[in-house]
Amino acid sequence: MGCREPVGKKGDKLKELIEQLEDSYNDGCTGSGSDVEKLNKLIEKLDSLDEKLITVFHHIFFGRFEITKRYHDDFVSILNEDPEKINDVINEIHSDYKYGNHRKYCKKSFDYYKEALNSFKKVLPQIKGELENGKSFDNLFNYLKKVNSFGRTASWDFLEVIDRIISDEPLNPENIYLRNATGPKYGVHYFFEVDDNNELREKLSDEFKSLQYNYEILEKAGLEIFDIIKESSIKDEIKNDDFLIYNVEDALCCFQKNEST
């Protein structure tokens, strides 16, 4: 979820990406003491799925666990329709905090927050239904993209949190969802040492070379990198991690920064 610095440039792109990926398992971003673990402890105290999902919404919207923790009780009061209290809270947050890295360009206003929250509440029944019944990552991803201000990155980050700490079974994303991506997209290009999608297609396995649409080429390239890593000599505990695909997406984003180093 974007909390690391890139590793040094190595020349061998697979070795470089694996080192970036291994670094992600050593820096405490998802283990004990991480924001994900702290959020998990907070969510474990909640009874309803509604409260849990709205708590995750706030965590993703603001991008900072300290905001979620400090104002958690006030956020939960939204379920009891207390807009005046929330207005005061949002004003206080805007004066005291910067949003997290993936949300740093978001508008800081109560109206912007309210639009995002209301659009989230509209898809909340669908998200709950999917988690309780179908558990299709693709369906969940498309529901979340309807939330104002979310887009590709926030939707991906939201589902990573859900997968790690709320869903009783792995969501098993079938894709890295690189359409409209920036950092991970450049990471794929950097890995294959290409500048555009026509060149990228030529670098892929034969089964993917006939793809016509740019986003299809890009997403298949991301999955090919994922498969290459799974077949590499990377540590077994990483290779067998149920959440490896999230770390690969994050590693691709950090790893492409080496292009200019």
# chains A, B, ... in the order shown; residues from 1 in each chain; ligands from 1
>>> residues_around(residues="region 126-141 of chain A", least_positions_apart="2", cutoff="9 Å", atoms="only C-alpha atoms", output="NGL selection string")
:A and (49-50 or 53 or 122-124 or 143-145 or 152 or 155-156 or 158-159 or 167-175)
>>> residues_around(residues="Lys52 (chain A)", least_positions_apart="4", cutoff="12 Å", atoms="only C-alpha atoms", output="list in words")
Leu39, Asn40, Lys41, Leu42, Ile43, Glu44, Lys45, Leu46, Asp47, Ser48, Val56, Phe57, His58, His59, Thr68, His72, Phe75, Val76, Leu79, Leu124, Ile127, Lys128, Phe158, Val161, Ile162, Ile165, Ile166 and Ser167 of chain A
>>> write_last_selection(atoms="C-alpha atoms", output="compact mmCIF listing (two decimals), in the first residue's frame")
# COMPACT_ATOMS: atom_id res chain seq x y z
CA LEU A 39 -6.67 -1.38 11.85
CA ASN A 40 -7.49 -5.06 12.31
CA LYS A 41 -7.49 -4.65 16.10
CA LEU A 42 -9.79 -1.65 15.77
CA ILE A 43 -12.19 -3.48 13.46
CA GLU A 44 -12.28 -6.60 15.66
CA LYS A 45 -14.11 -4.53 18.28
CA LEU A 46 -16.96 -3.71 15.89
CA ASP A 47 -20.09 -5.85 15.67
CA SER A 48 -21.67 -5.10 12.32
CA VAL A 56 -12.16 0.79 6.12
CA PHE A 57 -13.66 3.50 3.91
CA HIS A 58 -12.33 6.16 6.27
CA HIS A 59 -8.94 4.50 6.47
CA THR A 68 -8.93 6.63 11.61
CA HIS A 72 -13.08 6.48 14.95
CA PHE A 75 -16.94 8.26 12.21
CA VAL A 76 -19.10 5.45 13.57
CA LEU A 79 -24.35 5.44 11.06
CA LEU A 124 -22.47 -0.58 0.55
CA ILE A 127 -20.37 -4.79 -1.31
CA LYS A 128 -21.90 -6.51 1.72
CA PHE A 158 -9.65 -0.94 -0.04
CA VAL A 161 -7.52 -4.34 3.48
CA ILE A 162 -10.79 -6.28 3.17
CA ILE A 165 -8.58 -8.54 7.73
CA ILE A 166 -12.32 -8.95 6.99
CA SER A 167 -13.00 -11.58 4.33
>>> residues_around(residues="region 189-197 of chain A", least_positions_apart="6", cutoff="8 Å", atoms="only C-alpha atoms", output="ChimeraX atom specification")
/A:13-14,17,203,214,217-218,256,259
>>> atom_distance(atom1="CA of Asp241 (chain A)", atom2="CA of Gln20 (chain A)")
15.9 Å
>>> atom_distance(atom1="CA of Asp82 (chain A)", atom2="CA of Tyr113 (chain A)")
14.4 Å
>>> closest_residue(among="A:Lys235, A:Lys257, A:Lys114, A:Lys209", to="Gly183 (chain A)", atoms="only C-alpha atoms")
A:Lys257
